[in-house]
Amino acid sequence: MLTAFILSADGTVSRDSSEASLAAAVRDPQTTFWLDMCKPTDEEISLLDDVFGFHPLAIEDTIGYSQRPKIESYNHIGDACKSGYFYMVFHGPDLETFRQKLRTKELDIFVSDRYMVTIRDERIKSVDEVLGKAEAGPERVLARGTDVLLYSILDHMIDNYEPILDYLQDALDDLEERALLRPEPSVLTSISVKKRELLNLRRIVAPQREVVAQLTRGDVPFIREGTRVFMRDVQDHLIRIVEMVELYRDLVVGARDIYLSSISNRLNEIMKTLTMITVFALPLTVGTGFFGMNFKEDVSFFDWMLTHPMGFWIATALTVGTIGGIFYWFYRKGWLRREERINELPE
Amino acid sequence: MLTAFILSADGTVSRDSSEASLAAAVRDPQTTFWLDMCKPTDEEISLLDDVFGFHPLAIEDTIGYSQRPKIESYNHIGDACKSGYFYMVFHGPDLETFRQKLRTKELDIFVSDRYMVTIRDERIKSVDEVLGKAEAGPERVLARGTDVLLYSILDHMIDNYEPILDYLQDALDDLEERALLRPEPSVLTSISVKKRELLNLRRIVAPQREVVAQLTRGDVPFIREGTRVFMRDVQDHLIRIVEMVELYRDLVVGARDIYLSSISNRLNEIMKTLTMITVFALPLTVGTGFFGMNFKEDVSFFDWMLTHPMGFWIATALTVGTIGGIFYWFYRKGWLRREERINELPE
Amino acid sequence: MLTAFILSADGTVSRDSSEASLAAAVRDPQTTFWLDMCKPTDEEISLLDDVFGFHPLAIEDTIGYSQRPKIESYNHIGDACKSGYFYMVFHGPDLETFRQKLRTKELDIFVSDRYMVTIRDERIKSVDEVLGKAEAGPERVLARGTDVLLYSILDHMIDNYEPILDYLQDALDDLEERALLRPEPSVLTSISVKKRELLNLRRIVAPQREVVAQLTRGDVPFIREGTRVFMRDVQDHLIRIVEMVELYRDLVVGARDIYLSSISNRLNEIMKTLTMITVFALPLTVGTGFFGMNFKEDVSFFDWMLTHPMGFWIATALTVGTIGGIFYWFYRKGWLRREERINELPE
Amino acid sequence: MLTAFILSADGTVSRDSSEASLAAAVRDPQTTFWLDMCKPTDEEISLLDDVFGFHPLAIEDTIGYSQRPKIESYNHIGDACKSGYFYMVFHGPDLETFRQKLRTKELDIFVSDRYMVTIRDERIKSVDEVLGKAEAGPERVLARGTDVLLYSILDHMIDNYEPILDYLQDALDDLEERALLRPEPSVLTSISVKKRELLNLRRIVAPQREVVAQLTRGDVPFIREGTRVFMRDVQDHLIRIVEMVELYRDLVVGARDIYLSSISNRLNEIMKTLTMITVFALPLTVGTGFFGMNFKEDVSFFDWMLTHPMGFWIATALTVGTIGGIFYWFYRKGWLRREERINELPE
Amino acid sequence: MLTAFILSADGTVSRDSSEASLAAAVRDPQTTFWLDMCKPTDEEISLLDDVFGFHPLAIEDTIGYSQRPKIESYNHIGDACKSGYFYMVFHGPDLETFRQKLRTKELDIFVSDRYMVTIRDERIKSVDEVLGKAEAGPERVLARGTDVLLYSILDHMIDNYEPILDYLQDALDDLEERALLRPEPSVLTSISVKKRELLNLRRIVAPQREVVAQLTRGDVPFIREGTRVFMRDVQDHLIRIVEMVELYRDLVVGARDIYLSSISNRLNEIMKTLTMITVFALPLTVGTGFFGMNFKEDVSFFDWMLTHPMGFWIATALTVGTIGGIFYWFYRKGWLRREERINELPE
């Protein structure tokens with residue numbers, strides 16, 4: 001779907017996105033315009049070559065599989081405007097699905113001092129928001145120049161990363177808590193998934209920093225001094241996002257450590273229980289076995305115990321006494337100290 | 001709340017922070033002044049635009065959420081002083097709460113050769129201290145120039161990180177000791193919290209280093225040669241703080257290793273106990289079982305043992321002897337060697 | 001085997017790869033040609049010296065053992081063309097064997113503005129593809145210049161890394177799943193092998209980035225402005241490959257963590273089972289031992305239990321009751337909670 | 001305590017460290033002198049301001065808490081010599097205590113082309129050595145210039161790190177051996193202490209590298225070409241020390257790994273013992289229990305076994321046979337293979 | 001032992017290494033010569049000062065303890081040739097002992113456009129090889145210039161690292177295999193030793209890269225353009241060696257991981273065996289205990305079981321049945337699945 005805003009020298013705005021209208025706009029050096037292609041058809045893509053004469057490599061990149069964020073300067077024969085242009089790839093977050101799977105959406109931008117062409121394979125919230133503003137007042141949006149228009153889109157795009165950072169913060173807190181209180185195998189898969197998502201997010205966001213750095217320096221001629229200050233603001237946001245992603249990676253590693261320690265802790269608790277039970281049972285087993293021996297009546301002492309009227313009670317007393325002694329030994333060893341309840345830990 | 005110190009060309013100091021007075025001070029090129037906004041109202045914030053004509057992005061940053069430390073040079077149409085200014089974000093430590101939760105307080109500074117505007121959302125000890133000095137002798141504080149005034153605030157701010165570093169040193173020593181002597185799950189949460197706090201502290205302090213680096217170089221024109229030496233001193237302190245934070249991160253990792261090892265050590269001790277008890281119990285269980293067998297009287301040897309007057313004592317002697325043998329075996333194996341008491345370890 | 005395409009000034013293409021023909025081509029400054037040597041014999045290798053006068057070190061490198069990717073500029077006496085040339089080493093993936101063992105194939109290239117010589121010890125798919133094109137229309141392939149010819153080969157070569165990346169992605173997903181569900185020793189060897197392969201792949205691919213970087217800058221004079229844009233595209237691909245390899249290395253480390261955790265988890269499960277069984281068995285062992293004691297009839301209470309008609313049933317009831325109590329205790333402890341079935345985990 | 005060596009233009013050396021004498025030396029441009037302050041009193045410190053007019057920040061640094069090694073150039077109004085000077089902080093090792101606790105001693109140096117002032121809060125061996133030489137022949141030491149004097153002190157200082165490196169090498173070898181042979185909790189505390197000491201040592205030594213780097217370059221004007229060669233030698237030593245410290249950190253990490261592995265190994269050995277004992281005991285327990293059953297005489301087969309004259313011997317033979325079978329099974333499993341004696345391992 | 005090759009202007013070669021002959025060679029600007037000192041006596045070392053007038057620091061370095069590889073330019077009064085010279089330290093591998101202990105041998109080189117002096121404390125294979133060539137045809141070796149002579153020695157030296165890399169590859173493969181199949185404590189010591197050796201090797205080889213880098217750039221004036229190409233080849237080899245050492249360090253870390261995992265795996269196997277045996281034994285112990293109870297004849301049901309002619313067989317059937325049930329339970333749990341035989345793993 002094509003959306004076009006063509007601002008003529010006389011201040012009128014045309015919304016005609018036909019090939020003829022666009023070709024006229026390209027030829028007229030007084031015209032400023034924005035062409036947005038959302039889920040473009042092959043025919044619409046062919047306008048990039050037919051009308052604008054963009055470089056085949058750049059066009060191929062807009063169609064092809066997911067590109068790294070980048071900025072490239074083109075100045076070649078065949079460029080319909082004959083004034084050179086920049087080709088950029090940006091990635092905005094996918095705000096619909098990030099809770100299930102963190103992914104980004106690619107936005108391709110061709111931009112020069114007179115026009116901006118945005119191409120995307122799916123709806124992107126930030127572009128739609130600026131489109132909305134342009135539809136409300138196209139003159140105001142276009143009259144400020146393509147550099148301000150580019151800034152608007154980037155600014156919206158970067159702002160949209162905020163909910164993802166907030167979500168990640170919560171998700172990692174939750175992961176850490178689960179690792180501590182319920183160290184189950186699913187925690188491990190969650191950690192692995194989060195780590196992978198953060199690695200991917202970093203891979204996408206980090207190079208955007210360098211792209212915007214070029215926009216804040218004087219490398220892109222049509223970005224005016226006054227607009228560069230705004231680009232610096234986008235840059236600040238990007239640096240902060242990368243820093244947060246790095247921080248989250250450290251937290252994921254921490255969650256894994258907590259998980260492993262929790263498992264070890266549980267093993268210790270289990271083994272302590274097993275050992276104590278084995279030890280407590282010992283006097284009972286040995287005691288009952290002892291008095292089950294079949295020595296004959298003339299074996300004086302043993303027989304005396306078995307036949308003495310209080311024998312049973314003495315045997316019971318001895319056994320209980322031994323268990324009491326073990327109890328006291330464990331108490332001294334500190335094993336009976338009540339295990340800190342990990343589910344009662346204060347945050 | 002606004003606090004203003006306006007030093008006129010004739011050496012008199014006005015404390016009038018009304019809009020009219022500030023506007024006059026801005027216009028008069030002979031005037032030097034400091035305006036401090038503590039928890040500013042919306043109306044007071046609007047002075048930044050109305051009186052000073054600061055850049056909307058910078059004003060937005062002073063209001064908005066927590067910013068990374070940064071320094072930005074502004075020189076644009078609309079600046080009421082027409083001489084350019086710098087916008088800086090610094091973070092001072094929160095000295096009230098750091099024992100519960102390490103956090104920092106943001107200080108926004110607009111500064112030029114003639115004025116300094118400080119804005120903060122909460123009381124900051126270092127600013128209050130310099131304010132106190134200014135109230136005692138405003139001429140002396142202002143007459144030395146805005147660069148010295150800026151230095152005073154930064155110097156106080158950085159000095160206030162010291163108690164936090166001392167506290168962290170103690171907290172980590174304590175953490176290491178707990179990890180070694182009482183490896184309970186709460187140690188793990190403490191480690192996780194400390195690690196996160198240190199990551200955050202580093203994230204805030206490290207970029208301040210680069211900001212101050214610009215102040216020590218010739219990048220900021222109104223900072224005079226003589227003041228740069230002082231800024232270099234602030235820089236030295238900042239580098240030291242970052243180094244200590246890095247060191248502490250290494251120590252936190254070390255505490256985690258100690259925790260994990262302590263758990264393993266305890267498991268070993270538990271298992272050794274279990275094994276020894278099982279082994280010691282064996283002769284008793286087998287022995288009592290043996291003499292509990294029901295072979296009939298004509299089974300010569302077995303019967304002979306059960307009926308022999310000394311049979312019981314011989315059986316007891318055999319059992320005790322076996323246990324003694326096991327005892328000797330363990331002694332040789334070194335398992336009976338008294339476990340090093342970890343709570344008696346010298347520091 | 002030699003394959004030659006010699007484009008004369010008059011536009012005719014000769015396929016004669018005899019020494020005389022090549023020597024003539026070298027001497028004629030109007031001629032552009034491509035010589036490909038696949039599995040060259042010693043005699044064919046000697047052409048590099050005899051006909052082209054290449055530097056002995058470069059020739060030695062083409063023969064010798066596997067070289068790091070590199071680019072070297074040569075401009076020396078003895079160069080038959082007297083115009084200087086570049087010697088490059090590239091590595092393409094081995095597409096036949098990568099499922100068994102990841103390895104690369106070396107391609108040596110001598111290239112100047114007038115000729116390109118490619119030497120390889122085995123068939124390389126990307127070179128064969130460009131050879132195929134050249135056989136179909138040699139004029140078209142050569143007329144565009146040696147820089148475009150070089151680009152074609154590099155572009156094909158880099159594209160051929162894609163199936164390897166896809167395979168690695170799948171292999172690592174599979175590895176992670178096996179580490180989680182079937183933590184057997186073979187997982188460990190797979191992890192070790194994959195890690196080694198990725199380290200080797202990185203070692204080969206990463207320096208190619210720097211080689212191509214030189215081709216995109218103005219360092220190589222015969223690569224024209226228009227071709228550099230294409231080289232930049234190759235560069236983008238290479239950067240992406242290196243990034244993916246780095247990502248995969250992180251995933252391999254993650255798989256190892258999962259493996260270790262899974263083993264710990266299984267140990268916990270086993271120990272819990274052992275402990276529960278030991279505890280459940282206890283009342284049975286002690287109970288049956290208790291009533292097997294041989295106290296004589298005049299030991300009132302014990303005898304009473306053994307002779308009471310309901311004694312057996314009371315004993316049974318007591319034992320079952322105790323087991324029930326233990327059951328309840330375990331239930332409260334949460335040990336009876338059904339273990340999360342790790343083989344039912346959602347991806 | 002002050003020690004002064006003042007070389008006048010006429011070649012005579014005065015040892016008078018009174019304020020008047022020093023002030024005269026400062027004023028006379030033909031004089032070269034060295035003033036050493038060891039554990040200076042407040043009065044002596046005040047000479048730095050009164051006589052030399054050093055910068056207050058530098059004086060504050062000499063008094064204050066431990067500084068990072070640094071070099072600072074000062075050139076300001078108030079400098080009594082009016083020729084600029086350098087302020088340096090160096091750290092020499094504490095050779096008395098390093099076996100208990102690795103620490104360094106701070107040496108503050110003010111140096112210009114005409115004088116050198118050294119200030120220290122405790123005796124430092126390297127300074128004392130150069131002082132000794134100066135006392136033996138003050139003319140020779142001073143006549144060679146302050147740059148050579150500075151070199152002498154730095155050279156001695158760096159050489160004094162050698163015994164510490166040797167000690168660390170031995171200590172780490174010892175630590176590794178203890179981790180392997182006696183994995184007790186104290187090893188863990190030793191590892192933690194060593195790691196912390198190495199982190200601190202690195203923090204002190206590494207920045208000295210950059211300080212000396214400035215001395216070897218032309219940054220410090222009064223260091224002559226010929227002396228720079230000597231400074232380069234000091235630099236080489238420093239680089240080597242930092243490299244060794246890095247190496248030792250790797251070894252400390254290695255010792256921790258060995259410790260953890262040793263614990264795991266011991267656990268395995270313990271568990272294997274427990275399992276084998278449990279298994280060997282089984283036939284005995286079950287066997288004796290079996291023949292202790294109370295089936296009545298008319299239960300043919302069981303009674304036959306109990307009453308058969310050889311019954312007891314057959315039962316014993318069966319039990320011993322079973323144990324033999326288990327023994328053989330363990331032998332095949334390799335569990336009986338003699339455990340490698342870790343205390344007999346060759347180095 | 002001194003070996004000298006002195007090429008006079010007239011093309012004659014003298015082998016006279018007396019002090020007089022060397023002094024004459026130094027003075028005659030038409031002479032090119034190579035002096036090799038193998039295990040020099042103090043008297044021979046003194047030639048460096050007496051005849052050549054080398055800088056005392058450089059001479060001290062040639063005598064002293066092991067130096068880091070470095071290159072230093074000297075140009076000072078006292079240099080007998082008055083043309084400046086370079087002092088280099090290189091390390092060649094010790095090919096005799098590397099299987100026991102990886103170490104390197106130091107070679108000190110003084111080199112200028114007219115002479116080269118090599119000093120070494122032990123025989124070094126690469127130097128001996130070049131010496132051998134020089135003895136065969138001294139004119140040819142010297143006539144090509146000292147830069148080519150220097151290259152010959154470096155080239156031989158670097159080539160001699162190859163057998164060490166091959167050996168390390170094999171040793172690490174072997175280590176990994178032992179860690180997997182026989183995780184004994186000696187593996188741990190081997191890992192620790194290998195890690196230390198690799199750290200040391202890296203410490204020696206890596207700085208040689210920077211030294212040779214200076215030789216390939218124009219930094220050393222007497223190395224001609226044509227020779228630099230050859231130095232670049234040495235550089236390539238060095239980079240590859242460093243890369244391989246880095247790779248091997250990663251493999252050593254991997255071997256440690258495998259070792260730890262193997263230990264955990266064995267523990268799991270042991271515990272599973274223990275648990276299964278405990279569980280299988282349970283019905284036997286409880287069963288025999290049950291029928292050993294002494295309930296009197298009038299306790300109907302129990303007595304009925306004991307006196308019933310088939311009682312014994314029923315009890316046996318019950319016990320065997322229970323064991324069968326447990327067997328089935330284990331089968332379902334997958335514990336009976338045959339353990340993957342790790343010693344049968346395919347490589």
# chains A, B, ... in the order shown; residues from 1 in each chain; ligands from 1

call {"tool": "residues_around", "arguments": {"residues": "Ser261 (chain A)", "least_positions_apart": "6", "cutoff": "12 Å", "atoms": "only C-alpha atoms", "output": "VMD selection string"}}
result
(chain A and resid 176 179 to 183 254 to 255 267 to 268) or (chain B and resid 179 183 to 189 191 to 192 256 to 264) or (chain C and resid 261 264 to 265)

call {"tool": "write_last_selection", "arguments": {"atoms": "N, CA and C atoms", "output": "short mmCIF file (atom, residue, chain, number, x, y, z; two decimals), in the first residue's frame"}}
result
data_model
loop_
_atom_site.label_atom_id
_atom_site.label_comp_id
_atom_site.auth_asym_id
_atom_site.auth_seq_id
_atom_site.Cartn_x
_atom_site.Cartn_y
_atom_site.Cartn_z
N GLU A 176 14.48 -14.73 38.31
CA GLU A 176 15.38 -14.87 39.45
C GLU A 176 14.62 -15.47 40.64
N ALA A 179 14.01 -19.11 40.02
CA ALA A 179 15.27 -19.86 40.16
C ALA A 179 15.57 -20.12 41.63
N LEU A 180 15.20 -19.16 42.48
CA LEU A 180 15.51 -19.30 43.89
C LEU A 180 14.50 -20.21 44.61
N LEU A 181 13.21 -20.02 44.30
CA LEU A 181 12.17 -20.72 45.07
C LEU A 181 11.72 -22.02 44.43
N ARG A 182 11.66 -22.08 43.11
CA ARG A 182 11.22 -23.31 42.44
C ARG A 182 12.20 -23.67 41.34
N PRO A 183 13.37 -24.17 41.71
CA PRO A 183 14.39 -24.48 40.69
C PRO A 183 14.02 -25.69 39.85
N GLY A 254 23.23 -14.16 36.22
CA GLY A 254 23.00 -14.27 37.66
C GLY A 254 21.88 -15.24 37.98
N ALA A 255 20.80 -15.21 37.20
CA ALA A 255 19.66 -16.10 37.45
C ALA A 255 20.10 -17.56 37.31
N LEU A 267 19.69 -30.37 47.26
CA LEU A 267 20.36 -31.65 47.40
C LEU A 267 20.90 -31.81 48.81
N ASN A 268 21.52 -30.73 49.30
CA ASN A 268 22.05 -30.77 50.66
C ASN A 268 20.95 -31.07 51.67
N ALA B 179 29.03 -16.32 53.29
CA ALA B 179 29.08 -17.36 52.25
C ALA B 179 29.93 -18.54 52.73
N PRO B 183 26.37 -20.82 54.56
CA PRO B 183 25.92 -20.78 53.16
C PRO B 183 24.42 -21.03 53.03
N GLU B 184 23.62 -20.05 53.44
CA GLU B 184 22.16 -20.20 53.36
C GLU B 184 21.64 -19.46 52.13
N PRO B 185 20.44 -19.83 51.67
CA PRO B 185 19.91 -19.21 50.45
C PRO B 185 19.89 -17.69 50.49
N SER B 186 19.72 -17.10 51.68
CA SER B 186 19.65 -15.64 51.74
C SER B 186 20.97 -15.01 51.28
N VAL B 187 22.09 -15.73 51.44
CA VAL B 187 23.36 -15.21 50.95
C VAL B 187 23.27 -15.00 49.44
N LEU B 188 22.62 -15.96 48.79
CA LEU B 188 22.49 -15.90 47.34
C LEU B 188 21.70 -14.67 46.91
N THR B 189 20.60 -14.38 47.60
CA THR B 189 19.83 -13.18 47.25
C THR B 189 20.65 -11.93 47.52
N ILE B 191 23.87 -11.66 47.37
CA ILE B 191 24.87 -11.55 46.29
C ILE B 191 24.22 -10.98 45.04
N SER B 192 23.04 -11.50 44.72
CA SER B 192 22.34 -11.05 43.52
C SER B 192 22.01 -9.56 43.61
N ARG B 256 30.30 -15.48 45.44
CA ARG B 256 29.44 -16.53 44.88
C ARG B 256 30.19 -17.85 44.78
N ASP B 257 31.45 -17.77 44.34
CA ASP B 257 32.26 -18.98 44.26
C ASP B 257 32.41 -19.62 45.63
N ILE B 258 32.67 -18.76 46.63
CA ILE B 258 32.84 -19.28 47.98
C ILE B 258 31.54 -19.94 48.45
N TYR B 259 30.42 -19.31 48.15
CA TYR B 259 29.13 -19.87 48.53
C TYR B 259 28.94 -21.27 47.95
N LEU B 260 29.19 -21.37 46.65
CA LEU B 260 29.01 -22.66 45.98
C LEU B 260 29.94 -23.72 46.57
N SER B 261 31.18 -23.32 46.82
CA SER B 261 32.14 -24.28 47.37
C SER B 261 31.74 -24.70 48.78
N SER B 262 31.24 -23.76 49.56
CA SER B 262 30.84 -24.09 50.92
C SER B 262 29.71 -25.11 50.92
N ILE B 263 28.76 -24.94 50.00
CA ILE B 263 27.67 -25.90 49.90
C ILE B 263 28.22 -27.29 49.57
N SER B 264 29.14 -27.33 48.60
CA SER B 264 29.74 -28.61 48.23
C SER B 264 30.47 -29.24 49.41
N SER C 261 23.24 -28.47 34.46
CA SER C 261 22.08 -28.32 35.33
C SER C 261 21.19 -29.55 35.25
N SER C 264 22.55 -32.23 37.42
CA SER C 264 22.28 -31.93 38.82
C SER C 264 20.82 -32.22 39.16
N ASN C 265 19.95 -31.83 38.26
CA ASN C 265 18.52 -32.09 38.47
C ASN C 265 18.24 -33.57 38.64
#

call {"tool": "residues_around", "arguments": {"residues": "region 3-16 of chain E", "least_positions_apart": "5", "cutoff": "12 Å", "atoms": "only C-alpha atoms", "output": "ChimeraX atom specification"}}
result
/E:21-40,44,114-119,127-128,131-146,149

call {"tool": "residues_around", "arguments": {"residues": "region 218-234 of chain D", "least_positions_apart": "4", "cutoff": "6 Å", "atoms": "only C-alpha atoms", "output": "list in words"}}
result
Asp113, Asp147, Asp155 and Gln214 of chain D

call {"tool": "atom_distance", "arguments": {"atom1": "CA of Glu122 (chain B)", "atom2": "CA of Met88 (chain B)"}}
result
17.0 Å

call {"tool": "closest_residue", "arguments": {"among": "B:Cys81, B:Leu247, B:Leu102, B:Ala171", "to": "Arg202 (chain D)", "atoms": "only C-alpha atoms"}}
result
B:Leu247

call {"tool": "atom_distance", "arguments": {"atom1": "CA of Met157 (chain B)", "atom2": "CA of Ser126 (chain B)"}}
result
5.1 Å

call {"tool": "interface_residues", "arguments": {"of": "chain B", "to": "chain E", "cutoff": "12 Å", "atoms": "only C-alpha atoms", "output": "list in words"}}
result
Met271, Thr285, Val286, Gly289, Gly292, Met293 and Asn294 of chain B

call {"tool": "closest_residue", "arguments": {"among": "D:Leu199, D:Ala317, D:Leu282, D:Leu165", "to": "His237 (chain D)", "atoms": "only C-alpha atoms"}}
result
D:Leu165

call {"tool": "select_by_dssp", "arguments": {"residues": "region 111-338 of chain A", "states": "strand (DSSP E or B)", "output": "number ranges by chain"}}
result
A: 111, 115-120

call {"tool": "atom_distance", "arguments": {"atom1": "CA of Lys195 (chain C)", "atom2": "CA of Lys195 (chain A)"}}
result
18.0 Å

call {"tool": "residues_around", "arguments": {"residues": "Asp61 (chain C)", "least_positions_apart": "6", "cutoff": "12 Å", "atoms": "only C-alpha atoms", "output": "ChimeraX atom specification"}}
result
/C:45,54-55,67-72,87-89,106-110,119-120 /E:230,233,236-237
